[in-house]
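*Asks:* Handing over final-v9.cif, mmCIF, C-alpha atoms and all ligand atoms.
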data_model
loop_
_atom_site.group_PDB
_atom_site.id
_atom_site.type_symbol
_atom_site.label_atom_id
_atom_site.label_comp_id
_atom_site.auth_asym_id
_atom_site.auth_seq_id
_atom_site.Cartn_x
_atom_site.Cartn_y
_atom_site.Cartn_z
ATOM 1 C CA MET A 655 130.279 92.371 145.100
ATOM 2 C CA ARG A 656 132.861 92.130 142.318
ATOM 3 C CA GLN A 657 130.676 89.465 140.631
ATOM 4 C CA ALA A 658 127.586 91.656 140.859
ATOM 5 C CA LEU A 659 129.493 94.584 139.361
ATOM 6 C CA ALA A 660 130.746 92.415 136.508
ATOM 7 C CA ALA A 661 127.224 91.169 135.804
ATOM 8 C CA LEU A 662 125.902 94.732 135.825
ATOM 9 C CA THR A 663 128.641 95.910 133.449
ATOM 10 C CA ALA A 664 127.899 92.993 131.094
ATOM 11 C CA ALA A 665 124.176 93.755 131.148
ATOM 12 C CA LEU A 666 124.805 97.462 130.490
ATOM 13 C CA THR A 667 127.187 96.691 127.619
ATOM 14 C CA LEU A 668 124.587 94.367 126.085
ATOM 15 C CA ALA A 669 121.798 96.920 126.464
ATOM 16 C CA LEU A 670 124.005 99.635 124.961
ATOM 17 C CA ALA A 671 125.032 97.413 122.044
ATOM 18 C CA SER A 672 121.426 96.532 121.195
ATOM 19 C CA SER A 673 120.184 100.107 121.511
ATOM 20 C CA VAL A 674 123.039 101.376 119.342
ATOM 21 C CA SER A 675 122.355 98.737 116.695
ATOM 22 C CA ALA A 676 118.600 99.523 116.666
ATOM 23 C CA GLN A 677 119.218 103.274 116.569
ATOM 24 C CA SER A 678 121.663 103.108 113.715
ATOM 25 C CA MET A 679 119.569 100.695 111.670
ATOM 26 C CA THR A 680 118.324 101.735 108.246
ATOM 27 C CA VAL A 681 115.468 99.702 106.821
ATOM 28 C CA GLY A 682 113.909 99.984 103.358
ATOM 29 C CA PHE A 683 110.167 99.321 103.111
ATOM 30 C CA SER A 684 108.557 98.528 99.778
ATOM 31 C CA GLN A 685 104.843 99.033 100.338
ATOM 32 C CA ILE A 686 102.183 97.989 97.794
ATOM 33 C CA GLY A 687 100.258 101.265 97.759
ATOM 34 C CA SER A 688 97.176 102.502 99.553
ATOM 35 C CA GLU A 689 94.346 100.465 98.074
ATOM 36 C CA SER A 690 92.529 99.935 101.371
ATOM 37 C CA GLY A 691 91.995 101.365 104.840
ATOM 38 C CA TRP A 692 93.913 98.393 106.204
ATOM 39 C CA ARG A 693 96.893 99.100 103.934
ATOM 40 C CA ALA A 694 97.006 102.771 104.960
ATOM 41 C CA ALA A 695 96.956 101.694 108.618
ATOM 42 C CA GLU A 696 99.807 99.249 108.029
ATOM 43 C CA THR A 697 101.884 102.064 106.544
ATOM 44 C CA THR A 698 101.148 104.327 109.527
ATOM 45 C CA VAL A 699 101.939 101.612 112.067
ATOM 46 C CA THR A 700 105.172 100.624 110.292
ATOM 47 C CA LYS A 701 106.374 104.232 110.410
ATOM 48 C CA GLN A 702 105.395 104.497 114.093
ATOM 49 C CA GLU A 703 107.097 101.205 115.021
ATOM 50 C CA ALA A 704 110.286 102.302 113.238
ATOM 51 C CA GLU A 705 110.276 105.695 114.960
ATOM 52 C CA LYS A 706 109.731 104.079 118.366
ATOM 53 C CA ARG A 707 112.913 102.088 117.873
ATOM 54 C CA GLY A 708 114.984 104.875 116.326
ATOM 55 C CA ILE A 709 115.089 103.026 113.003
ATOM 56 C CA ALA A 710 115.573 105.151 109.875
ATOM 57 C CA LEU A 711 112.836 103.926 107.514
ATOM 58 C CA LYS A 712 113.130 104.463 103.779
ATOM 59 C CA PHE A 713 109.610 104.198 102.377
ATOM 60 C CA ALA A 714 108.677 103.399 98.763
ATOM 61 C CA ASP A 715 105.066 103.272 97.524
ATOM 62 C CA ALA A 716 104.797 100.875 94.562
ATOM 63 C CA GLN A 717 101.384 102.059 93.347
ATOM 64 C CA GLN A 718 100.221 98.412 93.010
ATOM 65 C CA LYS A 719 103.021 97.478 90.578
ATOM 66 C CA GLN A 720 105.478 94.655 91.191
ATOM 67 C CA GLU A 721 107.987 96.253 88.809
ATOM 68 C CA ASN A 722 108.045 99.336 91.066
ATOM 69 C CA GLN A 723 108.622 97.104 94.076
ATOM 70 C CA ILE A 724 111.538 95.348 92.395
ATOM 71 C CA LYS A 725 113.030 98.720 91.393
ATOM 72 C CA ALA A 726 112.658 99.995 94.973
ATOM 73 C CA VAL A 727 114.281 96.866 96.443
ATOM 74 C CA ARG A 728 117.212 97.222 94.019
ATOM 75 C CA GLY A 729 117.513 100.855 95.116
ATOM 76 C CA PHE A 730 117.605 99.805 98.789
ATOM 77 C CA ILE A 731 120.308 97.235 98.004
ATOM 78 C CA ALA A 732 122.384 99.894 96.193
ATOM 79 C CA GLN A 733 122.050 102.194 99.202
ATOM 80 C CA GLY A 734 123.333 99.432 101.493
ATOM 81 C CA VAL A 735 120.387 99.368 103.913
ATOM 82 C CA ASP A 736 120.599 97.011 106.911
ATOM 83 C CA ALA A 737 117.356 95.209 106.047
ATOM 84 C CA ILE A 738 114.385 95.318 103.690
ATOM 85 C CA LEU A 739 110.659 94.895 104.345
ATOM 86 C CA ILE A 740 108.463 93.935 101.407
ATOM 87 C CA ALA A 741 104.677 93.710 101.306
ATOM 88 C CA PRO A 742 104.572 91.728 98.036
ATOM 89 C CA VAL A 743 101.718 92.731 95.741
ATOM 90 C CA VAL A 744 101.669 89.345 93.962
ATOM 91 C CA ALA A 745 103.003 85.936 94.951
ATOM 92 C CA THR A 746 105.287 85.100 92.011
ATOM 93 C CA GLY A 747 108.318 86.721 90.377
ATOM 94 C CA TRP A 748 110.480 87.490 93.402
ATOM 95 C CA ASP A 749 113.348 85.012 93.147
ATOM 96 C CA ALA A 750 115.847 87.151 91.193
ATOM 97 C CA VAL A 751 115.650 90.289 93.336
ATOM 98 C CA LEU A 752 115.656 88.278 96.567
ATOM 99 C CA LYS A 753 118.819 86.486 95.409
ATOM 100 C CA GLU A 754 120.421 89.906 94.813
ATOM 101 C CA ALA A 755 119.582 90.967 98.383
ATOM 102 C CA LYS A 756 120.908 87.680 99.720
ATOM 103 C CA GLU A 757 124.193 88.059 97.845
ATOM 104 C CA GLU A 758 124.618 91.430 99.571
ATOM 105 C CA LYS A 759 123.731 89.782 102.908
ATOM 106 C CA ILE A 760 120.726 92.073 103.381
ATOM 107 C CA PRO A 761 117.943 90.272 105.274
ATOM 108 C CA VAL A 762 114.462 90.590 103.778
ATOM 109 C CA ILE A 763 111.242 90.271 105.768
ATOM 110 C CA LEU A 764 107.888 89.799 104.048
ATOM 111 C CA LEU A 765 104.909 91.622 105.488
ATOM 112 C CA ASP A 766 101.266 90.517 105.271
ATOM 113 C CA ARG A 767 101.473 88.539 102.009
ATOM 114 C CA GLN A 768 103.240 85.315 101.124
ATOM 115 C CA ILE A 769 105.253 84.493 98.002
ATOM 116 C CA ASP A 770 106.033 81.439 95.867
ATOM 117 C CA ALA A 771 109.795 81.309 96.371
ATOM 118 C CA PRO A 772 112.194 79.198 98.453
ATOM 119 C CA ASP A 773 112.104 80.413 102.055
ATOM 120 C CA SER A 774 115.918 80.479 102.108
ATOM 121 C CA LEU A 775 115.599 83.739 100.139
ATOM 122 C CA TYR A 776 114.056 85.674 103.018
ATOM 123 C CA LEU A 777 114.522 85.853 106.768
ATOM 124 C CA THR A 778 110.883 85.459 107.763
ATOM 125 C CA ALA A 779 107.321 86.332 106.745
ATOM 126 C CA VAL A 780 104.965 88.073 109.162
ATOM 127 C CA THR A 781 101.489 87.236 107.892
ATOM 128 C CA SER A 782 98.148 85.813 108.897
ATOM 129 C CA ASP A 783 97.050 82.352 107.824
ATOM 130 C CA GLN A 784 95.015 83.539 104.858
ATOM 131 C CA VAL A 785 93.448 80.150 104.095
ATOM 132 C CA HIS A 786 92.256 80.078 107.693
ATOM 133 C CA GLU A 787 90.787 83.609 107.314
ATOM 134 C CA GLY A 788 88.718 82.440 104.343
ATOM 135 C CA ARG A 789 87.688 79.342 106.248
ATOM 136 C CA VAL A 790 86.561 81.396 109.266
ATOM 137 C CA ALA A 791 84.454 83.628 106.985
ATOM 138 C CA GLY A 792 82.976 80.573 105.240
ATOM 139 C CA GLU A 793 82.235 78.746 108.479
ATOM 140 C CA TRP A 794 80.440 81.814 109.799
ATOM 141 C CA LEU A 795 78.196 81.812 106.717
ATOM 142 C CA VAL A 796 77.568 78.053 106.918
ATOM 143 C CA LYS A 797 76.379 78.462 110.488
ATOM 144 C CA ASP A 798 74.388 81.593 109.772
ATOM 145 C CA VAL A 799 72.379 80.297 106.801
ATOM 146 C CA GLY A 800 71.732 76.812 108.203
ATOM 147 C CA ALA A 801 69.842 74.626 105.747
ATOM 148 C CA LYS A 802 68.664 77.506 103.493
ATOM 149 C CA THR A 803 69.791 77.643 99.870
ATOM 150 C CA CYS A 804 72.355 80.411 99.578
ATOM 151 C CA LYS A 805 73.787 81.939 96.394
ATOM 152 C CA VAL A 806 77.027 83.730 97.200
ATOM 153 C CA VAL A 807 78.839 86.356 95.145
ATOM 154 C CA GLU A 808 82.548 86.755 95.791
ATOM 155 C CA LEU A 809 84.686 89.874 95.505
ATOM 156 C CA GLN A 810 88.256 88.722 95.164
ATOM 157 C CA GLY A 811 91.359 90.675 96.084
ATOM 158 C CA THR A 812 94.129 91.605 93.668
ATOM 159 C CA THR A 813 94.629 88.835 91.110
ATOM 160 C CA GLY A 814 97.753 86.793 91.831
ATOM 161 C CA SER A 815 98.116 88.083 95.396
ATOM 162 C CA SER A 816 98.403 85.509 98.173
ATOM 163 C CA PRO A 817 95.363 86.792 100.121
ATOM 164 C CA ALA A 818 93.170 86.557 97.011
ATOM 165 C CA ILE A 819 94.322 83.005 96.296
ATOM 166 C CA ASN A 820 94.201 81.772 99.883
ATOM 167 C CA ARG A 821 91.070 83.519 101.129
ATOM 168 C CA LYS A 822 89.202 82.052 98.171
ATOM 169 C CA LYS A 823 90.566 78.585 98.925
ATOM 170 C CA GLY A 824 89.671 78.700 102.631
ATOM 171 C CA PHE A 825 86.120 79.943 102.002
ATOM 172 C CA GLU A 826 85.532 77.322 99.319
ATOM 173 C CA GLU A 827 86.774 74.614 101.683
ATOM 174 C CA ALA A 828 84.297 75.708 104.341
ATOM 175 C CA ILE A 829 81.246 75.849 102.085
ATOM 176 C CA ALA A 830 82.203 72.575 100.344
ATOM 177 C CA LYS A 831 80.984 70.816 103.478
ATOM 178 C CA THR A 832 77.446 71.859 102.570
ATOM 179 C CA THR A 833 75.291 71.388 99.481
ATOM 180 C CA ASN A 834 73.062 74.444 99.951
ATOM 181 C CA ILE A 835 75.726 77.187 99.636
ATOM 182 C CA LYS A 836 77.260 77.938 96.240
ATOM 183 C CA ILE A 837 79.404 80.724 94.805
ATOM 184 C CA VAL A 838 77.503 81.872 91.719
ATOM 185 C CA ARG A 839 79.758 84.782 90.681
ATOM 186 C CA SER A 840 83.342 85.632 91.514
ATOM 187 C CA GLN A 841 85.475 88.497 90.249
ATOM 188 C CA THR A 842 88.323 90.696 91.410
ATOM 189 C CA GLY A 843 87.536 94.030 93.026
ATOM 190 C CA ASP A 844 91.255 94.793 93.499
ATOM 191 C CA PHE A 845 90.830 95.280 97.261
ATOM 192 C CA THR A 846 89.340 98.768 96.646
ATOM 193 C CA ARG A 847 85.990 100.329 97.575
ATOM 194 C CA THR A 848 85.408 101.762 94.129
ATOM 195 C CA LYS A 849 86.003 98.476 92.331
ATOM 196 C CA GLY A 850 84.087 96.548 95.008
ATOM 197 C CA LYS A 851 81.049 98.738 94.354
ATOM 198 C CA GLU A 852 81.417 98.529 90.585
ATOM 199 C CA VAL A 853 81.700 94.729 90.547
ATOM 200 C CA MET A 854 78.830 94.311 93.020
ATOM 201 C CA GLU A 855 76.661 96.466 90.726
ATOM 202 C CA SER A 856 77.472 94.144 87.848
ATOM 203 C CA PHE A 857 76.713 91.051 89.982
ATOM 204 C CA ILE A 858 73.330 92.491 90.979
ATOM 205 C CA LYS A 859 72.515 93.280 87.358
ATOM 206 C CA ALA A 860 73.608 89.841 86.151
ATOM 207 C CA GLU A 861 71.559 88.169 88.895
ATOM 208 C CA GLY A 862 68.298 89.832 87.836
ATOM 209 C CA GLY A 863 68.315 92.685 90.344
ATOM 210 C CA GLY A 864 70.001 90.781 93.179
ATOM 211 C CA LYS A 865 66.912 89.375 94.934
ATOM 212 C CA ASP A 866 68.329 85.836 94.773
ATOM 213 C CA ILE A 867 71.764 86.756 96.076
ATOM 214 C CA CYS A 868 71.958 85.578 99.657
ATOM 215 C CA ALA A 869 75.445 86.792 100.599
ATOM 216 C CA VAL A 870 78.489 88.677 99.424
ATOM 217 C CA TYR A 871 81.895 87.405 100.508
ATOM 218 C CA ALA A 872 84.521 90.127 100.058
ATOM 219 C CA HIS A 873 88.232 89.406 100.495
ATOM 220 C CA ASN A 874 88.524 92.715 102.360
ATOM 221 C CA ASP A 875 86.317 95.194 104.203
ATOM 222 C CA ASP A 876 86.873 98.023 101.741
ATOM 223 C CA MET A 877 85.307 96.030 98.910
ATOM 224 C CA ALA A 878 82.510 95.050 101.315
ATOM 225 C CA VAL A 879 81.847 98.730 102.064
ATOM 226 C CA GLY A 880 81.675 99.400 98.302
ATOM 227 C CA ALA A 881 79.324 96.419 97.889
ATOM 228 C CA ILE A 882 77.062 97.702 100.687
ATOM 229 C CA GLN A 883 76.665 100.946 98.763
ATOM 230 C CA ALA A 884 75.787 99.057 95.570
ATOM 231 C CA ILE A 885 73.220 96.893 97.415
ATOM 232 C CA LYS A 886 71.538 99.994 98.879
ATOM 233 C CA GLU A 887 71.439 101.730 95.517
ATOM 234 C CA ALA A 888 69.749 98.607 94.080
ATOM 235 C CA GLY A 889 66.974 99.044 96.652
ATOM 236 C CA LEU A 890 68.003 96.062 98.785
ATOM 237 C CA LYS A 891 69.073 95.869 102.402
ATOM 238 C CA PRO A 892 72.713 94.925 103.033
ATOM 239 C CA GLY A 893 73.066 92.793 106.149
ATOM 240 C CA SER A 894 69.605 91.243 105.786
ATOM 241 C CA ASP A 895 68.508 90.882 102.114
ATOM 242 C CA ILE A 896 72.139 90.226 101.247
ATOM 243 C CA LYS A 897 74.501 89.178 104.065
ATOM 244 C CA VAL A 898 77.942 90.757 104.080
ATOM 245 C CA VAL A 899 81.022 88.870 105.298
ATOM 246 C CA SER A 900 84.573 90.095 104.788
ATOM 247 C CA ILE A 901 88.114 90.306 106.181
ATOM 248 C CA ASP A 902 90.301 92.984 107.873
ATOM 249 C CA ALA A 903 88.167 94.458 110.698
ATOM 250 C CA VAL A 904 88.762 98.105 109.749
ATOM 251 C CA PRO A 905 86.757 100.729 111.691
ATOM 252 C CA ASP A 906 84.296 101.422 108.844
ATOM 253 C CA ILE A 907 83.013 97.847 108.763
ATOM 254 C CA PHE A 908 82.078 98.152 112.456
ATOM 255 C CA LYS A 909 80.087 101.290 111.675
ATOM 256 C CA ALA A 910 78.286 99.309 108.956
ATOM 257 C CA MET A 911 77.771 96.438 111.408
ATOM 258 C CA ALA A 912 76.298 98.801 114.002
ATOM 259 C CA ALA A 913 73.859 100.007 111.324
ATOM 260 C CA GLY A 914 72.900 96.389 110.555
ATOM 261 C CA GLU A 915 74.486 96.598 107.104
ATOM 262 C CA ALA A 916 77.398 94.165 107.596
ATOM 263 C CA ASN A 917 77.399 90.832 109.395
ATOM 264 C CA ALA A 918 80.884 89.473 110.039
ATOM 265 C CA THR A 919 84.562 90.268 109.556
ATOM 266 C CA VAL A 920 87.834 88.484 110.309
ATOM 267 C CA GLU A 921 90.469 90.660 111.921
ATOM 268 C CA LEU A 922 93.889 91.269 110.383
ATOM 269 C CA THR A 923 96.291 93.313 112.485
ATOM 270 C CA PRO A 924 97.964 96.218 110.690
ATOM 271 C CA ASN A 925 100.942 95.809 113.032
ATOM 272 C CA MET A 926 103.152 93.441 111.074
ATOM 273 C CA ALA A 927 106.207 95.675 111.476
ATOM 274 C CA GLY A 928 106.426 95.409 115.291
ATOM 275 C CA PRO A 929 107.143 91.640 115.269
ATOM 276 C CA ALA A 930 109.323 92.112 112.149
ATOM 277 C CA PHE A 931 111.563 94.714 113.835
ATOM 278 C CA GLU A 932 111.841 92.553 116.973
ATOM 279 C CA VAL A 933 113.204 89.516 115.126
ATOM 280 C CA LEU A 934 115.338 91.719 112.904
ATOM 281 C CA ALA A 935 117.074 93.322 115.886
ATOM 282 C CA ALA A 936 117.825 89.873 117.350
ATOM 283 C CA TYR A 937 119.080 88.651 113.982
ATOM 284 C CA LEU A 938 121.357 91.629 113.330
ATOM 285 C CA LYS A 939 122.695 91.525 116.869
ATOM 286 C CA ASP A 940 123.580 87.860 117.242
ATOM 287 C CA LYS A 941 122.384 86.137 114.051
ATOM 288 C CA LYS A 942 119.402 84.616 115.887
ATOM 289 C CA GLU A 943 117.320 83.025 113.115
ATOM 290 C CA PRO A 944 113.564 83.550 113.561
ATOM 291 C CA PRO A 945 111.013 80.962 112.403
ATOM 292 C CA LYS A 946 110.252 81.306 108.683
ATOM 293 C CA TRP A 947 106.652 82.240 109.442
ATOM 294 C CA ILE A 948 105.428 84.527 112.191
ATOM 295 C CA GLN A 949 101.679 84.043 112.191
ATOM 296 C CA THR A 950 99.323 86.818 113.295
ATOM 297 C CA GLU A 951 95.871 86.182 114.780
ATOM 298 C CA SER A 952 92.574 85.974 112.878
ATOM 299 C CA LYS A 953 89.638 86.808 115.112
ATOM 300 C CA LEU A 954 86.018 86.708 113.979
ATOM 301 C CA TYR A 955 83.779 89.681 114.813
ATOM 302 C CA THR A 956 80.019 89.764 114.353
ATOM 303 C CA ALA A 957 77.234 92.167 115.242
ATOM 304 C CA LYS A 958 77.152 90.535 118.692
ATOM 305 C CA ASP A 959 80.519 92.098 119.532
ATOM 306 C CA ASP A 960 79.309 95.627 120.272
ATOM 307 C CA PRO A 961 80.526 97.068 116.949
ATOM 308 C CA MET A 962 80.567 100.731 118.054
ATOM 309 C CA LYS A 963 82.812 99.842 120.993
ATOM 310 C CA VAL A 964 85.191 98.011 118.658
ATOM 311 C CA TYR A 965 85.013 100.969 116.245
ATOM 312 C CA GLU A 966 86.145 103.346 119.009
ATOM 313 C CA ALA A 967 88.881 100.966 120.166
ATOM 314 C CA LYS A 968 90.231 100.605 116.629
ATOM 315 C CA LYS A 969 90.824 104.326 116.234
ATOM 316 C CA GLY A 970 94.397 105.180 117.083
ATOM 317 C CA LEU A 971 95.666 101.762 116.019
ATOM 318 C CA GLY A 972 96.922 103.226 112.777
ATOM 319 C CA TYR A 973 93.418 103.911 111.438
HETATM 320 O O1 LIG B 1 97.510 91.647 102.282
HETATM 321 C C1 LIG B 1 96.516 92.088 103.129
HETATM 322 C C2 LIG B 1 95.369 92.642 102.360
HETATM 323 O O2 LIG B 1 95.793 93.671 101.517
HETATM 324 C C3 LIG B 1 94.278 93.278 103.208
HETATM 325 O O3 LIG B 1 93.313 92.376 103.620
HETATM 326 C C4 LIG B 1 93.700 94.226 102.232
HETATM 327 O O4 LIG B 1 92.825 95.167 102.788
HETATM 328 C C5 LIG B 1 94.926 94.765 101.670
HETATM 329 O O5 LIG B 1 94.878 95.699 100.765
#
Spell out the structure here as structure tokens.
Ligand code: AHR
*Replies:*
Amino acid sequence: MRQALAALTAALTLALASSVSAQSMTVGFSQIGSESGWRAAETTVTKQEAEKRGIALKFADAQQKQENQIKAVRGFIAQGVDAILIAPVVATGWDAVLKEAKEEKIPVILLDRQIDAPDSLYLTAVTSDQVHEGRVAGEWLVKDVGAKTCKVVELQGTTGSSPAINRKKGFEEAIAKTTNIKIVRSQTGDFTRTKGKEVMESFIKAEGGGKDICAVYAHNDDMAVGAIQAIKEAGLKPGSDIKVVSIDAVPDIFKAMAAGEANATVELTPNMAGPAFEVLAAYLKDKKEPPKWIQTESKLYTAKDDPMKVYEAKKGLGY
């Protein structure tokens, strides 16, 4: 009886200690901006996940500029936050500010994008395998076109960002196994709908009206949605005259898929903060070191997956 009571008291003390530490935690979040539907959902989910845990979240929107992110991180350090989340707009240039956070013993977690810096400078990175995402998109196209000659145009993400670099690499690896599929044009569309449309218009023009373009590979769904618009305005049919394959799995791409205007997408969860807060709580409580990379899933969706059902299911997940 006495033993049971002691065990119960210990369990209660532990539960109380962890809930107190989560409730009193202040976390700074340097977000890139709101370039895409996926990004907006990530912001929503991060705020929800913080609220669920009683974490005070200090949010800073960097408007796509690394200098704003660095300024925000320095501000969080000066305020003495318990931890910092960064969704890094580009991969390079982080060492100095991460060293400053480390000197102040403030753990940093990277969300959704990787960086070129020693991993001793951050606690962990919660991201997908972006090379794999590109590979999945490329393999889908390889299978879909078979032996046909296929000229692909590519809409890249933000220049210098890890998803732009890695999604390109993975896709190129997949199509390199064939001789009939080639990327004929490739340019950044900055992960936005507007730029995706604009660049697709220029690709269509440069390719003599677009009749010879077999597919567009967009590094995110928003650019794909912009490209779909451009294809329609050029008098062609997206999804059949020009195949559309992209990454993110935001609700709008499923609407396009249901209309036969998009063909495939690779899912990226907007919930990077949930796993981040879990490992952070364990780290702050008893210094439990998480793995340096927490990998999220990358699932392929095509028109066979009942797009309208997926569209409905996606709503409420931050979208
Ligand atoms: O880093 C993740 C990428 O950034 C998403 O695929 C894209 O939509 C976003 O803006």
*Asks:* Give the residue list for ligand LIG 1 (chain B) at 7 Å, counting all atoms listed in the file, as a short mmCIF file (atom, residue, chain, number, x, y, z; two decimals) with C-alpha atoms, in the frame of the given file, sorted by chain and then by residue number.
*Replies:*
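What ended up in part-v3.cif:
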data_model
loop_
_atom_site.label_atom_id
_atom_site.label_comp_id
_atom_site.auth_asym_id
_atom_site.auth_seq_id
_atom_site.Cartn_x
_atom_site.Cartn_y
_atom_site.Cartn_z
CA GLU A 689 94.35 100.46 98.07
CA SER A 690 92.53 99.94 101.37
CA GLY A 691 92.00 101.36 104.84
CA TRP A 692 93.91 98.39 106.20
CA ARG A 693 96.89 99.10 103.93
CA ASP A 766 101.27 90.52 105.27
CA ARG A 767 101.47 88.54 102.01
CA PRO A 817 95.36 86.79 100.12
CA PHE A 845 90.83 95.28 97.26
CA HIS A 873 88.23 89.41 100.50
CA ASN A 874 88.52 92.72 102.36
CA ASP A 875 86.32 95.19 104.20
CA ASP A 876 86.87 98.02 101.74
CA ILE A 901 88.11 90.31 106.18
CA ASP A 902 90.30 92.98 107.87
CA LEU A 922 93.89 91.27 110.38
#
*Asks:* Find the residue from A:Thr923, A:Lys831, A:Ile948, A:Val735 that sits nearest to Leu971 in chain A; use all atoms listed in the file when measuring.
*Replies:*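 Residue with the minimum atom-to-atom distance to Leu971 in chain A: A:Thr923.
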*Asks:* Name all residues at most 7 Å from range 794-806 of chain A (count all atoms listed in the file; drop same-chain ones fewer than 2 positions away) and give them as an NGL selection string.
*Replies:* :A and (790-792 or 808 or 829 or 834-838 or 866-871)
*Asks:* Between CA of His786 in chain A and CA of Ala935 in chain A, what distance in Å does the model show, to one decimal?
*Replies:* 29.3 Å
*Asks:* From the set A:Ala694, A:Val785, A:Ala710, A:Ile763, which residue has the shortest atom-to-atom contact distance to Glu826 in chain A, counting only C-alpha atoms?
*Replies:* A:Val785
*Asks:* Which of these residues is nearest to Thr956 in chain A, using only C-alpha atoms: A:Asp783, A:Asp770, A:Glu915, A:Asp940?
*Replies:*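 Result for the nearest residue to Thr956 in chain A: A:Glu915.
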*Asks:* Please define a box with edges along x, y and z of the file around all atoms of range 770-785 of chain A given in the file, extend it by 4 Å on each side, and return its centre and edge lengths in Å to one decimal, as AutoDock Vina command-line options.
*Replies:*
--center_x 104.7 --center_y 83.6 --center_z 102.5 --size_x 30.5 --size_y 16.9 --size_z 21.3
*Asks:* Nearest to Gly889 in chain A among A:Met911, A:Ile858, A:Ile760, A:Val853, with distances taken over all atoms listed in the file: which residue is it?
*Replies:*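 Residue with the minimum atom-to-atom distance to Gly889 in chain A: A:Ile858.
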*Asks:* Find the residue from A:Glu757, A:Asp749, A:Asp736, A:Glu951 that sits nearest to Met926 in chain A; use only C-alpha atoms when measuring.
*Replies:*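 Ranking A:Glu757, A:Asp749, A:Asp736, A:Glu951 by distance to Met926 in chain A, first place goes to A:Glu951.
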*Asks:* Determine the nearest neighbour of Leu739 in chain A from the options A:Gly928, A:Pro905, A:Pro944, A:Gly814, counting only C-alpha atoms.
*Replies:*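 Of A:Gly928, A:Pro905, A:Pro944, A:Gly814, the one nearest Leu739 in chain A, counting only C-alpha atoms, is A:Gly928.
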*Asks:* Can you work out the spacing between CA of Ser678 in chain A and CA of Glu703 in chain A in Å, to one decimal?
*Replies:*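 Answer for the CA of Ser678 in chain A to CA of Glu703 in chain A separation: 14.7 Å.
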*Asks:* Take CA of Gly729 in chain A and CA of Val933 in chain A and report the distance between them in Å, one decimal.
*Replies:* 23.4 Å
*Asks:* List the residues matched by the PyMOL selection byres (((chain A and resi 700) around 12) and not hetatm) in the displayed structure as a ChimeraX atom specification, ordered by chain and then by residue number.
*Replies:* /A:681-685,693-699,701-707,709-713,739-741,765-766,923-931,971-972
*Asks:* Using the chain letters and numbers from this file, what does the PyMOL selection byres (((chain A and resi 761) around 8) and not hetatm) select? Give the answer as a PyMOL selection string.
*Replies:* chain A and resi 736-738+755-756+759-760+762-763+776-777
*Asks:* Need the shell around Thr812 in chain A: protein/DNA/RNA residues with any atom at most 7 Å away, counting only C-alpha atoms. Skip same-chain ones fewer than 5 positions apart. Format as a CSV table (one decimal) with C-alpha atoms, keeping the file's coordinate frame?
*Replies:*
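See selection-v3.csv below for the written result:
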chain,number,residue,atom,x,y,z
A,818,ALA,CA,93.2,86.6,97.0
A,842,THR,CA,88.3,90.7,91.4
A,844,ASP,CA,91.3,94.8,93.5
A,845,PHE,CA,90.8,95.3,97.3
*Asks:* Distance cut-off 6 Å, centre (111.1, 101.9, 94.8) in file coordinates, counting only C-alpha atoms: which residues qualify? Return them as a list in words.
*Replies:* Ala714, Asn722, Gln723, Lys725 and Ala726 of chain A
*Asks:* Okay, now the selection with C-alpha atoms, as a PDB file, in the frame of the given file?
*Replies:*
ATOM      1  CA  ALA A 714     108.677 103.399  98.763  1.00  0.00           C
ATOM      2  CA  ASN A 722     108.045  99.336  91.066  1.00  0.00           C
ATOM      3  CA  GLN A 723     108.622  97.104  94.076  1.00  0.00           C
ATOM      4  CA  LYS A 725     113.030  98.720  91.393  1.00  0.00           C
ATOM      5  CA  ALA A 726     112.658  99.995  94.973  1.00  0.00           C
TER       6      ALA A 726
END
*Asks:* Translate the PyMOL selection byres (((chain A and resi 772) around 12) and not hetatm) into a concrete residue list for this structure, as a PDB file with C-alpha atoms, keeping the file's coordinate frame.
*Replies:*
ATOM      1  CA  ALA A 745     103.003  85.936  94.951  1.00  0.00           C
ATOM      2  CA  THR A 746     105.287  85.100  92.011  1.00  0.00           C
ATOM      3  CA  GLY A 747     108.318  86.721  90.377  1.00  0.00           C
ATOM      4  CA  TRP A 748     110.480  87.490  93.402  1.00  0.00           C
ATOM      5  CA  ASP A 749     113.348  85.012  93.147  1.00  0.00           C
ATOM      6  CA  ALA A 750     115.847  87.151  91.193  1.00  0.00           C
ATOM      7  CA  LEU A 752     115.656  88.278  96.567  1.00  0.00           C
ATOM      8  CA  LYS A 753     118.819  86.486  95.409  1.00  0.00           C
ATOM      9  CA  GLN A 768     103.240  85.315 101.124  1.00  0.00           C
ATOM     10  CA  ILE A 769     105.253  84.493  98.002  1.00  0.00           C
ATOM     11  CA  ASP A 770     106.033  81.439  95.867  1.00  0.00           C
ATOM     12  CA  ALA A 771     109.795  81.309  96.371  1.00  0.00           C
ATOM     13  CA  ASP A 773     112.104  80.413 102.055  1.00  0.00           C
ATOM     14  CA  SER A 774     115.918  80.479 102.108  1.00  0.00           C
ATOM     15  CA  LEU A 775     115.599  83.739 100.139  1.00  0.00           C
ATOM     16  CA  TYR A 776     114.056  85.674 103.018  1.00  0.00           C
ATOM     17  CA  LEU A 777     114.522  85.853 106.768  1.00  0.00           C
ATOM     18  CA  THR A 778     110.883  85.459 107.763  1.00  0.00           C
ATOM     19  CA  ALA A 779     107.321  86.332 106.745  1.00  0.00           C
ATOM     20  CA  LYS A 946     110.252  81.306 108.683  1.00  0.00           C
TER      21      LYS A 946
END
*Asks:* Which residues are close to Glu855 in chain A, i.e. within 9 Å by only C-alpha atoms, leaving aside same-chain residues fewer than 4 positions away? Reply as a list in words.
*Replies:* Gly850, Lys851, Lys859, Ala860, Ala881, Ala884, Ile885, Glu887 and Ala888 of chain A
